[in-house]
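The structure file data.csv is reproduced below (CSV, C-alpha atoms and all ligand atoms).
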```csv
chain,number,residue,atom,x,y,z
A,1,MET,CA,56.7,-130.8,93.7
A,2,LYS,CA,59.9,-129.4,95.2
A,3,LYS,CA,59.8,-125.6,95.7
A,4,LEU,CA,62.4,-123.0,94.7
A,5,VAL,CA,62.2,-119.4,95.7
A,6,PHE,CA,63.3,-117.0,92.9
A,7,ALA,CA,64.6,-113.9,94.6
A,8,THR,CA,63.8,-111.4,91.8
A,9,THR,CA,61.2,-108.7,91.2
A,10,ASN,CA,62.2,-108.4,87.5
A,11,ALA,CA,59.5,-110.0,85.4
A,12,GLY,CA,61.8,-110.4,82.4
A,13,LYS,CA,64.3,-112.4,84.3
A,14,ARG,CA,61.6,-114.5,85.9
A,15,PHE,CA,59.9,-115.3,82.6
A,16,GLU,CA,63.2,-116.4,81.0
A,17,LEU,CA,64.3,-118.6,83.9
A,18,MET,CA,60.9,-120.2,84.4
A,19,ALA,CA,61.0,-121.2,80.8
A,20,LEU,CA,64.5,-122.7,81.2
A,21,LEU,CA,63.4,-124.7,84.3
A,22,GLU,CA,60.7,-126.4,82.2
A,23,GLY,CA,58.4,-127.0,85.1
A,24,ALA,CA,60.9,-129.2,87.0
A,25,LEU,CA,60.4,-127.2,90.2
A,26,GLU,CA,57.6,-125.1,91.7
A,27,VAL,CA,58.8,-121.5,91.6
A,28,VAL,CA,57.7,-118.9,94.1
A,29,GLY,CA,58.6,-115.3,94.0
A,30,PRO,CA,59.3,-112.6,96.7
A,31,GLU,CA,55.7,-111.5,96.6
A,32,ALA,CA,54.9,-114.7,98.6
A,33,PHE,CA,57.2,-113.4,101.4
A,34,PRO,CA,56.2,-109.8,101.9
A,35,ASP,CA,58.0,-109.6,105.3
A,36,ILE,CA,61.5,-110.0,103.7
A,37,PRO,CA,63.0,-106.6,103.4
A,38,GLU,CA,64.5,-105.5,100.1
A,39,VAL,CA,68.1,-106.6,99.7
A,40,VAL,CA,70.5,-103.7,99.2
A,41,GLU,CA,72.6,-104.6,96.2
A,42,ASP,CA,75.9,-102.9,97.3
A,43,ALA,CA,78.4,-105.6,96.3
A,44,GLU,CA,81.0,-104.6,93.7
A,45,SER,CA,80.4,-107.7,91.5
A,46,PHE,CA,77.4,-109.4,89.9
A,47,ALA,CA,78.3,-112.6,91.8
A,48,GLY,CA,78.5,-110.8,95.1
A,49,ASN,CA,75.0,-109.3,94.7
A,50,ALA,CA,73.4,-112.5,93.5
A,51,LEU,CA,74.8,-114.5,96.4
A,52,LYS,CA,73.7,-111.8,98.8
A,53,LYS,CA,70.1,-111.9,97.5
A,54,ALA,CA,70.0,-115.7,97.5
A,55,ARG,CA,71.4,-116.0,101.0
A,56,VAL,CA,68.8,-113.7,102.4
A,57,PHE,CA,65.9,-115.6,100.8
A,58,ALA,CA,67.2,-119.1,101.7
A,59,GLU,CA,67.6,-118.1,105.3
A,60,ALA,CA,64.3,-116.3,105.6
A,61,THR,CA,62.2,-118.9,103.8
A,62,GLY,CA,63.9,-122.2,104.6
A,63,LEU,CA,63.7,-123.0,100.8
A,64,PRO,CA,66.4,-123.3,98.2
A,65,ALA,CA,66.8,-119.8,96.7
A,66,LEU,CA,67.9,-118.7,93.2
A,67,ALA,CA,69.0,-115.1,92.5
A,68,ASP,CA,70.1,-113.4,89.3
A,69,ASP,CA,72.3,-110.3,89.2
A,70,SER,CA,73.0,-109.0,85.7
A,71,GLY,CA,73.7,-106.0,83.7
A,72,LEU,CA,75.4,-104.4,80.7
A,73,CYS,CA,79.0,-103.4,80.6
A,74,VAL,CA,80.0,-100.9,77.8
A,75,ASP,CA,83.7,-100.6,76.9
A,76,ALA,CA,83.5,-96.9,75.8
A,77,LEU,CA,82.1,-96.1,79.3
A,78,ASP,CA,84.8,-98.1,81.2
A,79,GLY,CA,82.3,-100.9,81.9
A,80,ARG,CA,79.4,-98.7,83.0
A,81,PRO,CA,76.5,-99.1,83.8
A,82,GLY,CA,77.7,-102.6,85.0
A,83,VAL,CA,76.4,-103.5,88.5
A,84,HIS,CA,74.5,-100.3,88.5
A,85,SER,CA,72.5,-101.2,85.3
A,86,ALA,CA,69.1,-101.2,87.1
A,87,ARG,CA,69.8,-97.8,88.7
A,88,TYR,CA,71.2,-96.1,85.7
A,89,ALA,CA,67.9,-94.4,85.0
A,90,PRO,CA,64.3,-94.9,86.4
A,91,THR,CA,62.7,-97.0,83.6
A,92,ASP,CA,63.8,-99.3,80.8
A,93,ALA,CA,62.9,-96.6,78.3
A,94,ALA,CA,64.8,-93.9,80.1
A,95,ARG,CA,67.9,-96.2,80.5
A,96,ILE,CA,67.9,-96.8,76.7
A,97,ILE,CA,67.6,-93.1,75.9
A,98,LYS,CA,70.4,-92.2,78.3
A,99,LEU,CA,72.8,-94.9,77.1
A,100,LEU,CA,72.2,-93.9,73.4
A,101,ALA,CA,72.8,-90.3,74.3
A,102,GLU,CA,76.0,-91.1,76.2
A,103,LEU,CA,77.3,-93.0,73.2
A,104,GLN,CA,76.1,-90.5,70.5
A,105,ALA,CA,79.6,-89.5,69.4
A,106,VAL,CA,81.0,-93.0,69.7
A,107,PRO,CA,81.5,-94.8,66.3
A,108,ARG,CA,80.4,-98.3,65.6
A,109,GLU,CA,83.7,-100.0,66.1
A,110,ARG,CA,84.1,-98.6,69.6
A,111,ARG,CA,80.5,-99.5,70.8
A,112,THR,CA,81.5,-102.9,72.0
A,113,ALA,CA,79.7,-104.2,75.1
A,114,ARG,CA,78.8,-107.3,77.0
A,115,PHE,CA,75.8,-108.5,79.0
A,116,LYS,CA,76.9,-110.4,82.2
A,117,CYS,CA,74.7,-112.6,84.4
A,118,ALA,CA,75.6,-114.1,87.8
A,119,LEU,CA,73.2,-116.8,89.1
A,120,ALA,CA,73.5,-117.9,92.8
A,121,LEU,CA,71.7,-120.9,94.3
A,122,VAL,CA,71.7,-121.2,98.1
A,123,LYS,CA,70.2,-124.0,100.1
A,124,PRO,CA,68.9,-123.4,103.7
A,125,ASP,CA,71.6,-125.7,105.0
A,126,GLY,CA,74.3,-123.2,103.8
A,127,TRP,CA,75.3,-125.0,100.6
A,128,GLU,CA,75.8,-122.5,97.8
A,129,ARG,CA,76.9,-122.2,94.2
A,130,SER,CA,77.4,-119.3,92.0
A,131,VAL,CA,77.9,-119.3,88.2
A,132,GLN,CA,78.3,-116.7,85.5
A,133,GLY,CA,77.6,-116.2,81.8
A,134,LEU,CA,78.4,-113.5,79.3
A,135,CYS,CA,77.3,-112.4,75.9
A,136,GLU,CA,79.4,-110.2,73.6
A,137,GLY,CA,77.9,-107.6,71.3
A,138,ARG,CA,77.7,-103.9,70.7
A,139,ILE,CA,75.4,-101.0,71.4
A,140,ALA,CA,73.1,-100.3,68.4
A,141,ILE,CA,72.7,-96.7,67.0
A,142,ALA,CA,68.9,-96.9,67.7
A,143,ALA,CA,66.6,-99.3,69.5
A,144,ARG,CA,65.1,-102.3,67.4
A,145,GLY,CA,62.8,-105.2,68.3
A,146,GLN,CA,59.9,-105.9,70.6
A,147,ASN,CA,61.0,-109.1,72.5
A,148,GLY,CA,63.0,-109.5,75.7
A,149,PHE,CA,63.3,-106.8,78.2
A,150,GLY,CA,65.6,-104.1,79.6
A,151,TYR,CA,68.5,-103.1,77.3
A,152,ASP,CA,67.7,-105.9,74.7
A,153,PRO,CA,66.5,-103.4,72.0
A,154,ILE,CA,69.9,-101.7,71.9
A,155,PHE,CA,72.1,-104.7,72.3
A,156,GLU,CA,73.3,-105.9,68.9
A,157,LEU,CA,74.7,-109.4,68.4
A,158,PRO,CA,77.6,-110.2,66.1
A,159,GLU,CA,75.0,-111.7,63.6
A,160,GLY,CA,73.3,-108.3,63.2
A,161,ARG,CA,70.0,-108.6,65.1
A,162,THR,CA,69.4,-107.0,68.4
A,163,MET,CA,68.6,-109.2,71.4
A,164,ALA,CA,65.0,-107.9,71.2
A,165,GLU,CA,64.7,-109.2,67.7
A,166,LEU,CA,65.4,-112.8,68.9
A,167,THR,CA,62.7,-115.2,70.0
A,168,ARG,CA,62.8,-116.3,73.6
A,169,GLU,CA,64.3,-119.7,72.6
A,170,GLU,CA,67.0,-117.9,70.4
A,171,LYS,CA,67.9,-115.6,73.2
A,172,ALA,CA,68.2,-118.4,75.7
A,173,LYS,CA,70.8,-120.1,73.4
A,174,VAL,CA,73.1,-117.1,73.2
A,175,SER,CA,72.4,-114.9,76.2
A,176,HIS,CA,74.4,-114.4,79.4
A,177,ARG,CA,71.5,-115.8,81.4
A,178,GLY,CA,71.2,-118.9,79.1
A,179,GLN,CA,74.9,-119.5,79.5
A,180,ALA,CA,74.8,-119.1,83.3
A,181,PHE,CA,71.7,-121.3,83.5
A,182,ALA,CA,73.4,-124.1,81.6
A,183,ARG,CA,76.2,-124.1,84.2
A,184,LEU,CA,73.7,-124.2,87.1
A,185,ARG,CA,71.3,-126.7,85.5
A,186,PRO,CA,72.8,-129.9,87.1
A,187,ALA,CA,72.6,-128.3,90.6
A,188,LEU,CA,69.0,-127.2,90.0
A,189,LEU,CA,68.0,-130.6,88.8
A,190,ASP,CA,69.6,-132.2,91.8
A,191,LEU,CA,67.1,-130.1,93.9
A,192,VAL,CA,64.3,-132.3,92.5
A,193,LYS,CA,66.0,-135.3,94.1
A,194,ASP,CA,66.9,-133.7,97.4
B,1,LIG,P1,66.2,-108.0,90.9
B,1,LIG,O1,67.4,-107.4,91.6
B,1,LIG,O2,64.9,-108.0,91.8
B,1,LIG,O3,66.5,-109.4,90.3
B,1,LIG,P2,66.6,-105.9,89.0
B,1,LIG,O4,65.9,-105.5,87.7
B,1,LIG,O5,66.9,-104.8,90.0
B,1,LIG,O6,65.8,-107.1,89.6
B,1,LIG,P3,69.5,-106.2,88.6
B,1,LIG,O7,69.9,-105.4,89.7
B,1,LIG,O8,70.3,-107.5,88.3
B,1,LIG,O9,68.0,-106.6,88.6
B,1,LIG,O10,69.6,-105.3,87.3
B,1,LIG,C1,69.7,-105.8,86.0
B,1,LIG,C2,69.6,-104.6,85.0
B,1,LIG,O11,70.2,-105.1,83.8
B,1,LIG,C3,68.2,-104.2,84.7
B,1,LIG,O12,68.2,-102.9,84.3
B,1,LIG,C4,67.8,-105.2,83.6
B,1,LIG,O13,66.8,-104.6,82.7
B,1,LIG,C5,69.2,-105.3,82.8
B,1,LIG,N1,69.3,-106.6,82.2
B,1,LIG,C6,69.6,-107.8,82.9
B,1,LIG,N2,69.5,-108.8,82.1
B,1,LIG,C7,69.1,-108.3,80.9
B,1,LIG,C8,68.8,-108.9,79.7
B,1,LIG,O14,68.8,-110.2,79.5
B,1,LIG,N3,68.4,-108.1,78.7
B,1,LIG,C9,68.3,-106.8,78.8
B,1,LIG,N4,68.5,-106.2,80.0
B,1,LIG,C10,68.9,-106.9,81.0
```

Could I get this structure in the form of structure tokens?
Amino acid sequence: MKKLVFATTNAGKRFELMALLEGALEVVGPEAFPDIPEVVEDAESFAGNALKKARVFAEATGLPALADDSGLCVDALDGRPGVHSARYAPTDAARIIKLLAELQAVPRERRTARFKCALALVKPDGWERSVQGLCEGRIAIAARGQNGFGYDPIFELPEGRTMAELTREEKAKVSHRGQAFARLRPALLDLVKD
């Protein structure tokens, strides 16, 4: 089976994308290449960071590489934490507590936010494609739900549930990552034929 390296250490992202790939490709993670140094995510856009990660892995492994850079942009915080979503606080729990605290005085109608996801696919011959997806919602008053990962328990969808109250299949249909994946799917399936 054709191999794809997925340049992420985030278990939540990996779980979701593996499910979307439905076994079409053999996916290997960065742990299979311990000599590749950590990629510094210093681009100002999700797309820039995703491309940077995928390029490093494609070049170093000689395999097609897929990378995901994603995050949460909150309108009342002028788009923060945005590309800094992973570094906003040290753990998922701490990030949720900090965001709820920052928004404590912000009323429901001004708690609008969106998840963004950039996916980049880079082949060792230099071919590359980058796609994006986004999902609109608002920051809940308190965390709810056990599914998903990261900021999911405080991201409320227009239908009323938080992202962490959806099943994996439901999340894939509406999420930023699901949307981006749908756009990249043809190119990923072409890898099977390459
Ligand atoms: P890699 O760079 O190794 O892929 P990372 O966790 O550092 O892993 P990012 O820099 O892209 O990834 O940071 C993404 C942040 O946004 C991180 O805090 C995630 O928990 C959060 N995030 C991304 N997608 C999410 C989703 O679908 N649901 C909830 N939180 C999400």

So which residues touch range 132-143 of chain A within 9 Å, counting only C-alpha atoms, skipping near sequence neighbours fewer than 3 positions away, as a compact mmCIF listing (two decimals) with C-alpha atoms, keeping the file's coordinate frame?
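Resulting contents of result_30.txt:
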```txt
# COMPACT_ATOMS: atom_id res chain seq x y z
CA PHE A 46 77.40 -109.40 89.90
CA ALA A 47 78.30 -112.60 91.80
CA VAL A 74 80.00 -100.90 77.80
CA ILE A 96 67.90 -96.80 76.70
CA ILE A 97 67.60 -93.10 75.90
CA LEU A 99 72.80 -94.90 77.10
CA LEU A 100 72.20 -93.90 73.40
CA LEU A 103 77.30 -93.00 73.20
CA GLN A 104 76.10 -90.50 70.50
CA ARG A 108 80.40 -98.30 65.60
CA GLU A 109 83.70 -100.00 66.10
CA ARG A 110 84.10 -98.60 69.60
CA ARG A 111 80.50 -99.50 70.80
CA THR A 112 81.50 -102.90 72.00
CA ALA A 113 79.70 -104.20 75.10
CA ARG A 114 78.80 -107.30 77.00
CA PHE A 115 75.80 -108.50 79.00
CA LYS A 116 76.90 -110.40 82.20
CA CYS A 117 74.70 -112.60 84.40
CA ALA A 118 75.60 -114.10 87.80
CA LEU A 119 73.20 -116.80 89.10
CA ALA A 120 73.50 -117.90 92.80
CA TYR A 151 68.50 -103.10 77.30
CA ASP A 152 67.70 -105.90 74.70
CA PRO A 153 66.50 -103.40 72.00
CA ILE A 154 69.90 -101.70 71.90
CA PHE A 155 72.10 -104.70 72.30
CA GLU A 156 73.30 -105.90 68.90
CA LEU A 157 74.70 -109.40 68.40
CA PRO A 158 77.60 -110.20 66.10
CA THR A 162 69.40 -107.00 68.40
CA ALA A 164 65.00 -107.90 71.20
CA VAL A 174 73.10 -117.10 73.20
CA SER A 175 72.40 -114.90 76.20
CA HIS A 176 74.40 -114.40 79.40
CA ARG A 177 71.50 -115.80 81.40
CA GLY A 178 71.20 -118.90 79.10
CA GLN A 179 74.90 -119.50 79.50
CA ALA A 180 74.80 -119.10 83.30
CA PHE A 181 71.70 -121.30 83.50
CA ALA A 182 73.40 -124.10 81.60
CA ARG A 183 76.20 -124.10 84.20
CA LEU A 184 73.70 -124.20 87.10
```

Would you list the contacts of range 85-92 of chain A as a ChimeraX atom specification, taking every protein, DNA or RNA residue within 8 Å and counting all atoms listed in the file, but skipping same-chain residues closer than 4 positions in sequence? /A:70-72,80-81,96,98,149-151

Selected residues, C-alpha atoms, written as a short mmCIF file (atom, residue, chain, number, x, y, z; two decimals), in the coordinates of the input, please.
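Now in out18.cif:
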```
data_model
loop_
_atom_site.label_atom_id
_atom_site.label_comp_id
_atom_site.auth_asym_id
_atom_site.auth_seq_id
_atom_site.Cartn_x
_atom_site.Cartn_y
_atom_site.Cartn_z
CA SER A 70 73.00 -109.00 85.70
CA GLY A 71 73.70 -106.00 83.70
CA LEU A 72 75.40 -104.40 80.70
CA ARG A 80 79.40 -98.70 83.00
CA PRO A 81 76.50 -99.10 83.80
CA ILE A 96 67.90 -96.80 76.70
CA LYS A 98 70.40 -92.20 78.30
CA PHE A 149 63.30 -106.80 78.20
CA GLY A 150 65.60 -104.10 79.60
CA TYR A 151 68.50 -103.10 77.30
#
```

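Between Thr167 in chain A and the residues A:Pro34, A:Ala54, A:Glu22, A:Glu16, the shortest atom-to-atom distance, using all atoms listed in the file, involves A:Glu16.
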
Need to verify the contact set: Asp125 in chain A, 9 Å, only C-alpha atoms, exclusion of same-chain residues closer than 6 positions in sequence. Can you return it as a list of chain:residue names? A:Ala58, A:Glu59, A:Gly62, A:Pro64

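Comparing the minimum interatomic distances between Val122 in chain A and each of A:Lys53, A:Lys193, A:Arg168, A:Lys2, counting only C-alpha atoms, we find that A:Lys53 sits nearest.
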
What's the 8 Å shell around Leu4 in chain A, counting all atoms listed in the file, without same-chain residues fewer than 4 positions away, as a ChimeraX atom specification? /A:25-28,63-66

Print the selection's residues with C-alpha atoms to a file, as a JSON list (two decimals), keeping the file's coordinate frame.
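Resulting contents of out.json:
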```
[["chain", "number", "residue", "atom", "x", "y", "z"],
["A", 25, "LEU", "CA", 60.40, -127.20, 90.20],
["A", 26, "GLU", "CA", 57.60, -125.10, 91.70],
["A", 27, "VAL", "CA", 58.80, -121.50, 91.60],
["A", 28, "VAL", "CA", 57.70, -118.90, 94.10],
["A", 63, "LEU", "CA", 63.70, -123.00, 100.80],
["A", 64, "PRO", "CA", 66.40, -123.30, 98.20],
["A", 65, "ALA", "CA", 66.80, -119.80, 96.70],
["A", 66, "LEU", "CA", 67.90, -118.70, 93.20]]
```

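From CA of Lys3 in chain A back to CA of Phe33 in chain A, the distance works out to 13.7 Å.
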
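Taking only C-alpha atoms and all ligand atoms into account, ligand LIG 1 (chain B) lies nearest to A:Gly148 out of the set A:Gly148, A:Lys52, A:Ser130, A:Asp78.
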
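Straight-line separation from CA of Val40 in chain A to CA of Leu77 in chain A: 24.3 Å.
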